[in-house]
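Note sheet for the following structure.
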Amino acid sequence: MLDTFGSLPDGRPVHRVVLGGGGGPGDGAELHLLTLGSTVHRLLVTGGDGVRRDVVLGYPDVASYVAGGDYVGAVVGRYANRIARGRFELDGEVHVVGAHDRGNSLHGGPDGFDQRLWDLVEVGPDEDAPTYAVLRLDSPDGDQGFPGTVQVEARWEVDGDTVRLTLTATTDRATVVNLSTHAYVNLDGGGSVDDHELRVPASAFLPVDPTGVPLGEHAPVDGTPFDLREPRRVGDVARDPHPQVAAGQGLDHDLVVDGEGERVVAEVVSTRTRTRLRLLADQPGLQVYTGNFLDGSVVGRDGALLRQGDGLALEPQLHPDTPNHEGEPGWPSAVLRPGETYRTSIAWEFSGI
């Protein structure tokens with residue numbers, strides 16, 4: 001299904017496309033996408049208790065997405081996460097990019113990909129009941145200070161209870177690219193995620209400075225609240241007195257996921273609704289964010305105020321501030337050059353327990 005969700009202030013329409021599902025239990029996942037930000041607006045799945053729920057946070061209208069500031073459900077870029085002081089050097093040239101988060105660049109700058117109207121270029125295979133959609137965005141040379149004209153594609157697919165996002169990018173000039181999705185999940189369909197259990201197979205994490213930028217070391221998780229190799233209650237982790245957690249009012253940290261290639265990078269379980277999410281990805285890092293700055297100042301899609309703990313953002317990506325650690329061990333490169341293709345894949349697998 002394809003319809004008009006609303007309009008931007010300049011009058012351009014924002015479209016909504018619905019992929020998969022069928023409206024009832026047993027019909028598989030149903031994904032509602034917006035062309036603004038290539039945004040996950042709704043994601044309906046059936047829990048192990050047989051009840052169908054929307055398991056992501058969202059806003060009620062276009063104006064809320066434009067004004068939100070919390071990247072709810074959007075694809076973020078040109079560089080997901082932070083670049084320290086909004087500066088990096090590439091091939092001997094210093095580039096200054098939009099800095100709007102405590103002096104740092106965050107998720108591509110103040111006018112990042114989450115605020116852009118993407119082109120819906122393909123829907124199929126049946127336009128009346130599609131299971132995939134391709135959205136495209138052209139980012140010009142100098143966009144938010146980043147070099148190179150970059151063309152980005154987001155391919156969304158629904159197959160049963162699995163949703164997959166494949167992100168690709170090409171450039172005509174050397175640049176840096178790091179793309180991810182900022183969907184907030186809540187397997188109960190509302191309320192707090194404190195009782196969700198979270199597992200992340202990561203033996204190290206990146207400690208950060210007071211502005212959220214990595215200090216540079218890959219620190220072992222042993223003996224810290226970042227040791228999520230066995231499932232832990234989210235509320236217990238977010239309220240741990242560890243200095244890194246206390247300073248950030250919860251988790252907003254990159255975990256260095258064990259292994260390489262596509263693998264399970266996180267597992268979330270709600271025993272209340274008997275629902276499990278397995279997150280698969282091929283990136284070295286996973287930013288775990290417990291919604292620390294959701295402060296009740298904005299209204300969510302269904303009329304409730306969005307507060308800390310209402311959703312859990314799990315963002316597979318390259319490590320934050322990688323452009324300022326180019327060539328260092330443990331920091332896979334973020335550089336994309338002409339003739340190369342950036343590609344990453346993220347999948348959400350839902351099941352009952």
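Note on naming: chains are A, B, ... as they come in the structure tokens, residues start from 1 per chain, ligands start from 1 in the order shown.
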Hey, could you make a per-residue contact list for segment 180-237 of chain A against segment 301-306 of chain A with 12 Å as the cut-off, showing the nearest pair of atoms and its distance in Å to one decimal, counting only C-alpha atoms, sorted by chain and number, as a tab-separated table?
```
residue	atom	partner	partner_atom	distance
A:Tyr184	CA	A:Leu306	CA	11.1
A:Asn186	CA	A:Leu306	CA	12.0
A:Gly189	CA	A:Asp302	CA	10.6
A:Gly190	CA	A:Ala304	CA	9.0
A:Gly191	CA	A:Ala304	CA	9.3
A:Ser192	CA	A:Leu306	CA	10.0
```
Quick one: everything within 9 Å of segment 324-328 of chain A, counting only C-alpha atoms, minus sequence neighbours fewer than 3 positions away in the same chain. Send it as a list of chain:residue names.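 Listed by chain and then number, they are A:Ile83, A:Ala84, A:Arg87, A:Phe88, A:Glu89, A:Leu90, A:Gly216, A:Asp321, A:Trp331, A:Pro332, A:Ser333, A:Ala334, A:Val335.
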Please report, as a Markdown table, each residue of segment 60-140 of chain A lying at most 12 Å from segment 238-261 of chain A, together with the nearest pair of atoms and the separation in Å rounded to one decimal; use only C-alpha atoms, and order rows by chain and ascending residue number.
```
| residue | atom | partner | partner_atom | distance |
| --- | --- | --- | --- | --- |
| A:Ala80 | CA | A:Asp254 | CA | 11.7 |
| A:Asn81 | CA | A:Asp254 | CA | 9.5 |
| A:Arg82 | CA | A:Asp254 | CA | 10.9 |
```
Once DSSP has gone over the backbone, tell me which residues of segment 188-295 of chain A are in strand (DSSP E or B), as number ranges by chain. A: 197-199, 202-205, 208, 214, 219-220, 232-233, 252-257, 263-270, 275-281, 285-289, 295
What lies within 12 Å of Leu228 of chain A using only C-alpha atoms, ignoring chain neighbours under 6 positions off, as a PDB file with all heavy atoms, in the first residue's frame?
```pdb
ATOM      1  N   GLU A 197      15.039  -8.045  28.507  1.00  0.00           N
ATOM      2  CA  GLU A 197      16.371  -8.613  28.705  1.00  0.00           C
ATOM      3  C   GLU A 197      17.188  -8.409  27.440  1.00  0.00           C
ATOM      4  O   GLU A 197      16.703  -8.666  26.323  1.00  0.00           O
ATOM      5  CB  GLU A 197      16.267 -10.098  29.041  1.00  0.00           C
ATOM      6  CG  GLU A 197      15.586 -10.361  30.380  1.00  0.00           C
ATOM      7  CD  GLU A 197      15.493 -11.846  30.694  1.00  0.00           C
ATOM      8  OE1 GLU A 197      15.811 -12.672  29.800  1.00  0.00           O
ATOM      9  OE2 GLU A 197      15.107 -12.186  31.828  1.00  0.00           O
ATOM     10  N   LEU A 198      18.414  -7.937  27.605  1.00  0.00           N
ATOM     11  CA  LEU A 198      19.279  -7.598  26.477  1.00  0.00           C
ATOM     12  C   LEU A 198      20.568  -8.405  26.551  1.00  0.00           C
ATOM     13  O   LEU A 198      21.201  -8.468  27.610  1.00  0.00           O
ATOM     14  CB  LEU A 198      19.612  -6.104  26.496  1.00  0.00           C
ATOM     15  CG  LEU A 198      20.653  -5.606  25.484  1.00  0.00           C
ATOM     16  CD1 LEU A 198      20.165  -5.790  24.048  1.00  0.00           C
ATOM     17  CD2 LEU A 198      20.994  -4.145  25.751  1.00  0.00           C
ATOM     18  N   ARG A 199      20.928  -8.987  25.413  1.00  0.00           N
ATOM     19  CA  ARG A 199      22.211  -9.675  25.289  1.00  0.00           C
ATOM     20  C   ARG A 199      22.955  -9.115  24.090  1.00  0.00           C
ATOM     21  O   ARG A 199      22.373  -8.973  23.003  1.00  0.00           O
ATOM     22  CB  ARG A 199      22.023 -11.183  25.104  1.00  0.00           C
ATOM     23  CG  ARG A 199      23.337 -11.972  25.037  1.00  0.00           C
ATOM     24  CD  ARG A 199      23.081 -13.455  24.864  1.00  0.00           C
ATOM     25  NE  ARG A 199      22.601 -13.767  23.517  1.00  0.00           N
ATOM     26  CZ  ARG A 199      23.406 -14.015  22.464  1.00  0.00           C
ATOM     27  NH1 ARG A 199      24.724 -13.969  22.608  1.00  0.00           N
ATOM     28  NH2 ARG A 199      22.890 -14.312  21.299  1.00  0.00           N
ATOM     29  N   VAL A 200      24.237  -8.771  24.275  1.00  0.00           N
ATOM     30  CA  VAL A 200      25.102  -8.307  23.187  1.00  0.00           C
ATOM     31  C   VAL A 200      26.425  -9.058  23.296  1.00  0.00           C
ATOM     32  O   VAL A 200      27.131  -8.909  24.298  1.00  0.00           O
ATOM     33  CB  VAL A 200      25.354  -6.787  23.249  1.00  0.00           C
ATOM     34  CG1 VAL A 200      26.269  -6.359  22.102  1.00  0.00           C
ATOM     35  CG2 VAL A 200      24.044  -6.007  23.201  1.00  0.00           C
ATOM     36  N   PRO A 201      26.788  -9.868  22.294  1.00  0.00           N
ATOM     37  CA  PRO A 201      28.034 -10.630  22.367  1.00  0.00           C
ATOM     38  C   PRO A 201      29.250  -9.756  22.048  1.00  0.00           C
ATOM     39  O   PRO A 201      29.848  -9.834  20.981  1.00  0.00           O
ATOM     40  CB  PRO A 201      27.828 -11.717  21.301  1.00  0.00           C
ATOM     41  CG  PRO A 201      26.913 -11.084  20.304  1.00  0.00           C
ATOM     42  CD  PRO A 201      26.013 -10.180  21.077  1.00  0.00           C
ATOM     43  N   ALA A 202      29.610  -8.923  23.008  1.00  0.00           N
ATOM     44  CA  ALA A 202      30.724  -7.986  22.831  1.00  0.00           C
ATOM     45  C   ALA A 202      31.655  -8.084  24.026  1.00  0.00           C
ATOM     46  O   ALA A 202      31.209  -7.965  25.174  1.00  0.00           O
ATOM     47  CB  ALA A 202      30.207  -6.560  22.683  1.00  0.00           C
ATOM     48  N   SER A 203      32.938  -8.267  23.754  1.00  0.00           N
ATOM     49  CA  SER A 203      33.930  -8.401  24.824  1.00  0.00           C
ATOM     50  C   SER A 203      34.587  -7.071  25.180  1.00  0.00           C
ATOM     51  O   SER A 203      35.359  -7.002  26.132  1.00  0.00           O
ATOM     52  CB  SER A 203      35.015  -9.396  24.410  1.00  0.00           C
ATOM     53  OG  SER A 203      34.457 -10.670  24.153  1.00  0.00           O
ATOM     54  N   ALA A 204      34.300  -6.012  24.418  1.00  0.00           N
ATOM     55  CA  ALA A 204      34.899  -4.704  24.670  1.00  0.00           C
ATOM     56  C   ALA A 204      33.873  -3.619  24.373  1.00  0.00           C
ATOM     57  O   ALA A 204      32.898  -3.832  23.650  1.00  0.00           O
ATOM     58  CB  ALA A 204      36.155  -4.506  23.823  1.00  0.00           C
ATOM     59  N   PHE A 205      34.105  -2.443  24.946  1.00  0.00           N
ATOM     60  CA  PHE A 205      33.281  -1.271  24.666  1.00  0.00           C
ATOM     61  C   PHE A 205      34.173  -0.052  24.570  1.00  0.00           C
ATOM     62  O   PHE A 205      35.370  -0.102  24.916  1.00  0.00           O
ATOM     63  CB  PHE A 205      32.198  -1.078  25.738  1.00  0.00           C
ATOM     64  CG  PHE A 205      32.687  -0.470  27.030  1.00  0.00           C
ATOM     65  CD1 PHE A 205      32.414   0.849  27.345  1.00  0.00           C
ATOM     66  CD2 PHE A 205      33.416  -1.230  27.951  1.00  0.00           C
ATOM     67  CE1 PHE A 205      32.850   1.415  28.538  1.00  0.00           C
ATOM     68  CE2 PHE A 205      33.852  -0.678  29.147  1.00  0.00           C
ATOM     69  CZ  PHE A 205      33.571   0.654  29.434  1.00  0.00           C
ATOM     70  N   PRO A 220      37.897  -3.651  28.056  1.00  0.00           N
ATOM     71  CA  PRO A 220      37.169  -4.910  28.291  1.00  0.00           C
ATOM     72  C   PRO A 220      35.889  -4.661  29.091  1.00  0.00           C
ATOM     73  O   PRO A 220      35.855  -3.801  29.973  1.00  0.00           O
ATOM     74  CB  PRO A 220      38.170  -5.760  29.076  1.00  0.00           C
ATOM     75  CG  PRO A 220      39.137  -4.787  29.667  1.00  0.00           C
ATOM     76  CD  PRO A 220      39.215  -3.635  28.736  1.00  0.00           C
ATOM     77  N   VAL A 221      34.854  -5.431  28.777  1.00  0.00           N
ATOM     78  CA  VAL A 221      33.579  -5.269  29.477  1.00  0.00           C
ATOM     79  C   VAL A 221      33.562  -5.980  30.821  1.00  0.00           C
ATOM     80  O   VAL A 221      32.670  -5.739  31.637  1.00  0.00           O
ATOM     81  CB  VAL A 221      32.403  -5.796  28.611  1.00  0.00           C
ATOM     82  CG1 VAL A 221      32.305  -5.036  27.306  1.00  0.00           C
ATOM     83  CG2 VAL A 221      32.534  -7.311  28.367  1.00  0.00           C
ATOM     84  N   ASP A 222      34.543  -6.829  31.074  1.00  0.00           N
ATOM     85  CA  ASP A 222      34.557  -7.631  32.304  1.00  0.00           C
ATOM     86  C   ASP A 222      34.378  -6.749  33.537  1.00  0.00           C
ATOM     87  O   ASP A 222      35.080  -5.751  33.708  1.00  0.00           O
ATOM     88  CB  ASP A 222      35.872  -8.394  32.422  1.00  0.00           C
ATOM     89  CG  ASP A 222      36.140  -9.269  31.212  1.00  0.00           C
ATOM     90  OD1 ASP A 222      36.572  -8.716  30.174  1.00  0.00           O
ATOM     91  OD2 ASP A 222      35.899 -10.472  31.292  1.00  0.00           O
ATOM     92  N   VAL A 234      17.338  -4.559  31.212  1.00  0.00           N
ATOM     93  CA  VAL A 234      17.744  -3.252  30.706  1.00  0.00           C
ATOM     94  C   VAL A 234      17.723  -2.196  31.804  1.00  0.00           C
ATOM     95  O   VAL A 234      18.642  -1.371  31.916  1.00  0.00           O
ATOM     96  CB  VAL A 234      16.843  -2.832  29.527  1.00  0.00           C
ATOM     97  CG1 VAL A 234      17.087  -1.372  29.145  1.00  0.00           C
ATOM     98  CG2 VAL A 234      17.087  -3.733  28.332  1.00  0.00           C
ATOM     99  N   ASP A 236      18.236  -2.492  34.966  1.00  0.00           N
ATOM    100  CA  ASP A 236      19.375  -2.645  35.876  1.00  0.00           C
ATOM    101  C   ASP A 236      20.644  -2.065  35.258  1.00  0.00           C
ATOM    102  O   ASP A 236      21.445  -1.423  35.952  1.00  0.00           O
ATOM    103  CB  ASP A 236      19.587  -4.126  36.200  1.00  0.00           C
ATOM    104  CG  ASP A 236      18.448  -4.715  37.009  1.00  0.00           C
ATOM    105  OD1 ASP A 236      17.686  -3.938  37.628  1.00  0.00           O
ATOM    106  OD2 ASP A 236      18.309  -5.958  37.010  1.00  0.00           O
ATOM    107  N   VAL A 237      20.824  -2.288  33.970  1.00  0.00           N
ATOM    108  CA  VAL A 237      22.011  -1.771  33.294  1.00  0.00           C
ATOM    109  C   VAL A 237      21.971  -0.254  33.223  1.00  0.00           C
ATOM    110  O   VAL A 237      22.958   0.436  33.504  1.00  0.00           O
ATOM    111  CB  VAL A 237      22.128  -2.378  31.877  1.00  0.00           C
ATOM    112  CG1 VAL A 237      23.301  -1.779  31.126  1.00  0.00           C
ATOM    113  CG2 VAL A 237      22.262  -3.893  31.951  1.00  0.00           C
ATOM    114  N   LEU A 251      22.831   4.073  29.126  1.00  0.00           N
ATOM    115  CA  LEU A 251      23.770   3.639  28.099  1.00  0.00           C
ATOM    116  C   LEU A 251      23.609   4.478  26.840  1.00  0.00           C
ATOM    117  O   LEU A 251      22.497   4.707  26.363  1.00  0.00           O
ATOM    118  CB  LEU A 251      23.539   2.160  27.745  1.00  0.00           C
ATOM    119  CG  LEU A 251      24.440   1.150  28.466  1.00  0.00           C
ATOM    120  CD1 LEU A 251      24.108   1.155  29.952  1.00  0.00           C
ATOM    121  CD2 LEU A 251      24.276  -0.241  27.875  1.00  0.00           C
ATOM    122  N   LEU A 255      29.480  -0.767  21.613  1.00  0.00           N
ATOM    123  CA  LEU A 255      30.059  -2.041  22.014  1.00  0.00           C
ATOM    124  C   LEU A 255      30.752  -2.668  20.820  1.00  0.00           C
ATOM    125  O   LEU A 255      30.233  -2.633  19.697  1.00  0.00           O
ATOM    126  CB  LEU A 255      28.985  -2.983  22.560  1.00  0.00           C
ATOM    127  CG  LEU A 255      28.633  -2.811  24.049  1.00  0.00           C
ATOM    128  CD1 LEU A 255      28.045  -1.436  24.329  1.00  0.00           C
ATOM    129  CD2 LEU A 255      27.692  -3.903  24.513  1.00  0.00           C
ATOM    130  N   VAL A 256      31.933  -3.224  21.040  1.00  0.00           N
ATOM    131  CA  VAL A 256      32.724  -3.839  19.985  1.00  0.00           C
ATOM    132  C   VAL A 256      32.283  -5.300  19.890  1.00  0.00           C
ATOM    133  O   VAL A 256      32.692  -6.143  20.687  1.00  0.00           O
ATOM    134  CB  VAL A 256      34.229  -3.731  20.286  1.00  0.00           C
ATOM    135  CG1 VAL A 256      35.047  -4.277  19.109  1.00  0.00           C
ATOM    136  CG2 VAL A 256      34.616  -2.273  20.569  1.00  0.00           C
ATOM    137  N   VAL A 257      31.457  -5.573  18.903  1.00  0.00           N
ATOM    138  CA  VAL A 257      30.812  -6.886  18.815  1.00  0.00           C
ATOM    139  C   VAL A 257      31.818  -7.947  18.376  1.00  0.00           C
ATOM    140  O   VAL A 257      32.599  -7.739  17.438  1.00  0.00           O
ATOM    141  CB  VAL A 257      29.626  -6.841  17.843  1.00  0.00           C
ATOM    142  CG1 VAL A 257      28.903  -8.179  17.817  1.00  0.00           C
ATOM    143  CG2 VAL A 257      28.646  -5.740  18.241  1.00  0.00           C
ATOM    144  N   ASP A 258      31.795  -9.075  19.043  1.00  0.00           N
ATOM    145  CA  ASP A 258      32.690 -10.181  18.703  1.00  0.00           C
ATOM    146  C   ASP A 258      32.363 -10.711  17.302  1.00  0.00           C
ATOM    147  O   ASP A 258      31.203 -10.716  16.877  1.00  0.00           O
ATOM    148  CB  ASP A 258      32.551 -11.318  19.712  1.00  0.00           C
ATOM    149  CG  ASP A 258      32.941 -10.898  21.119  1.00  0.00           C
ATOM    150  OD1 ASP A 258      33.673  -9.903  21.273  1.00  0.00           O
ATOM    151  OD2 ASP A 258      32.500 -11.573  22.079  1.00  0.00           O
ATOM    152  N   VAL A 265      24.150  -9.627  16.593  1.00  0.00           N
ATOM    153  CA  VAL A 265      24.845  -8.584  17.357  1.00  0.00           C
ATOM    154  C   VAL A 265      24.067  -8.199  18.605  1.00  0.00           C
ATOM    155  O   VAL A 265      24.606  -7.513  19.483  1.00  0.00           O
ATOM    156  CB  VAL A 265      25.124  -7.341  16.493  1.00  0.00           C
ATOM    157  CG1 VAL A 265      26.025  -7.711  15.316  1.00  0.00           C
ATOM    158  CG2 VAL A 265      23.833  -6.697  15.987  1.00  0.00           C
ATOM    159  N   ALA A 266      22.800  -8.616  18.691  1.00  0.00           N
ATOM    160  CA  ALA A 266      22.017  -8.357  19.897  1.00  0.00           C
ATOM    161  C   ALA A 266      20.792  -9.257  19.903  1.00  0.00           C
ATOM    162  O   ALA A 266      20.302  -9.681  18.848  1.00  0.00           O
ATOM    163  CB  ALA A 266      21.576  -6.893  19.973  1.00  0.00           C
ATOM    164  N   GLU A 267      20.320  -9.538  21.100  1.00  0.00           N
ATOM    165  CA  GLU A 267      19.077 -10.266  21.284  1.00  0.00           C
ATOM    166  C   GLU A 267      18.305  -9.587  22.414  1.00  0.00           C
ATOM    167  O   GLU A 267      18.864  -9.311  23.475  1.00  0.00           O
ATOM    168  CB  GLU A 267      19.336 -11.730  21.622  1.00  0.00           C
ATOM    169  CG  GLU A 267      18.091 -12.581  21.687  1.00  0.00           C
ATOM    170  CD  GLU A 267      18.427 -14.059  21.872  1.00  0.00           C
ATOM    171  OE1 GLU A 267      19.002 -14.396  22.928  1.00  0.00           O
ATOM    172  OE2 GLU A 267      18.112 -14.854  20.977  1.00  0.00           O
ATOM    173  N   VAL A 268      17.034  -9.288  22.134  1.00  0.00           N
ATOM    174  CA  VAL A 268      16.168  -8.643  23.119  1.00  0.00           C
ATOM    175  C   VAL A 268      14.968  -9.552  23.357  1.00  0.00           C
ATOM    176  O   VAL A 268      14.388 -10.078  22.407  1.00  0.00           O
ATOM    177  CB  VAL A 268      15.685  -7.265  22.624  1.00  0.00           C
ATOM    178  CG1 VAL A 268      14.910  -6.551  23.735  1.00  0.00           C
ATOM    179  CG2 VAL A 268      16.856  -6.408  22.154  1.00  0.00           C
ATOM    180  N   VAL A 288      24.454   1.130  21.725  1.00  0.00           N
ATOM    181  CA  VAL A 288      23.322   0.780  22.572  1.00  0.00           C
ATOM    182  C   VAL A 288      22.888   2.046  23.300  1.00  0.00           C
ATOM    183  O   VAL A 288      23.652   2.631  24.075  1.00  0.00           O
ATOM    184  CB  VAL A 288      23.691  -0.323  23.585  1.00  0.00           C
ATOM    185  CG1 VAL A 288      22.499  -0.641  24.481  1.00  0.00           C
ATOM    186  CG2 VAL A 288      24.157  -1.579  22.847  1.00  0.00           C
TER     187      VAL A 288
END
```
Can you measure atom CA of Leu215 of chain A to atom CA of Leu179 of chain A for me? One decimal in Å is fine.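 Spanning atom CA of Leu215 of chain A to atom CA of Leu179 of chain A is a straight-line distance of 21.6 Å.
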Using DSSP secondary structure from the backbone, list all helix (DSSP H, G or I) positions within segment 225-346 of chain A, as a list in words.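 Those in segment 225-346 of chain A that DSSP calls helix (DSSP H, G or I) are Val234, Gly235, Asp236, Val237, Ala238, Pro243, Gln244, Val245, Ala246, Ala247, Gly248, Thr322, Pro323, Asn324 and His325 of chain A.
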I want to know what sits within 10 Å of Thr170 of chain A, based on only C-alpha atoms, with residues of the same chain fewer than 5 positions away left out; could you give that as a list in words? Asp138, Gly148, Thr149, Val150, Gln151, Val152, Glu153, Thr175, Val177, Leu336, Arg337, Pro338, Gly339, Glu340, Thr341, Tyr342 and Arg343 of chain A
Just want the 10 Å neighbourhood of Gly124 of chain A, counted on only C-alpha atoms, with same-chain residues fewer than 4 positions away dropped. Output as a PyMOL selection string. chain A and resi 19+128-134+157
Go ahead and write the selection's residues with N, CA and C atoms as a compact mmCIF listing (two decimals), in the first residue's frame.
```
# COMPACT_ATOMS: atom_id res chain seq x y z
N LEU A 19 4.74 -2.53 3.86
CA LEU A 19 5.33 -3.76 3.33
C LEU A 19 4.94 -4.95 4.20
N ASP A 128 0.21 -3.87 -5.04
CA ASP A 128 -0.94 -3.88 -4.15
C ASP A 128 -0.63 -4.54 -2.80
N ALA A 129 0.36 -5.40 -2.77
CA ALA A 129 0.77 -6.07 -1.53
C ALA A 129 2.29 -6.24 -1.55
N PRO A 130 3.04 -5.13 -1.50
CA PRO A 130 4.50 -5.21 -1.68
C PRO A 130 5.20 -5.81 -0.47
N THR A 131 6.36 -6.40 -0.75
CA THR A 131 7.20 -6.92 0.32
C THR A 131 8.57 -6.23 0.35
N TYR A 132 8.86 -5.39 -0.65
CA TYR A 132 10.12 -4.65 -0.60
C TYR A 132 9.93 -3.26 -1.20
N ALA A 133 10.81 -2.35 -0.79
CA ALA A 133 10.82 -0.99 -1.32
C ALA A 133 12.25 -0.49 -1.32
N VAL A 134 12.58 0.32 -2.33
CA VAL A 134 13.90 0.92 -2.45
C VAL A 134 13.75 2.44 -2.42
N GLU A 157 13.10 -4.91 3.07
CA GLU A 157 12.43 -6.14 2.68
C GLU A 157 11.77 -6.78 3.89
```
In terms of the shortest atom-to-atom distance over only C-alpha atoms, which of A:Arg12, A:His100, A:Arg78, A:Arg85 is closest to Asp119 of chain A?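 When distances to Asp119 of chain A are compared using only C-alpha atoms, the smallest one comes from A:Arg12.
Proximity ranking of A:Val40, A:Val55, A:Leu318, A:Leu277 relative to Thr344 of chain A places A:Leu318 first, based on only C-alpha atoms.
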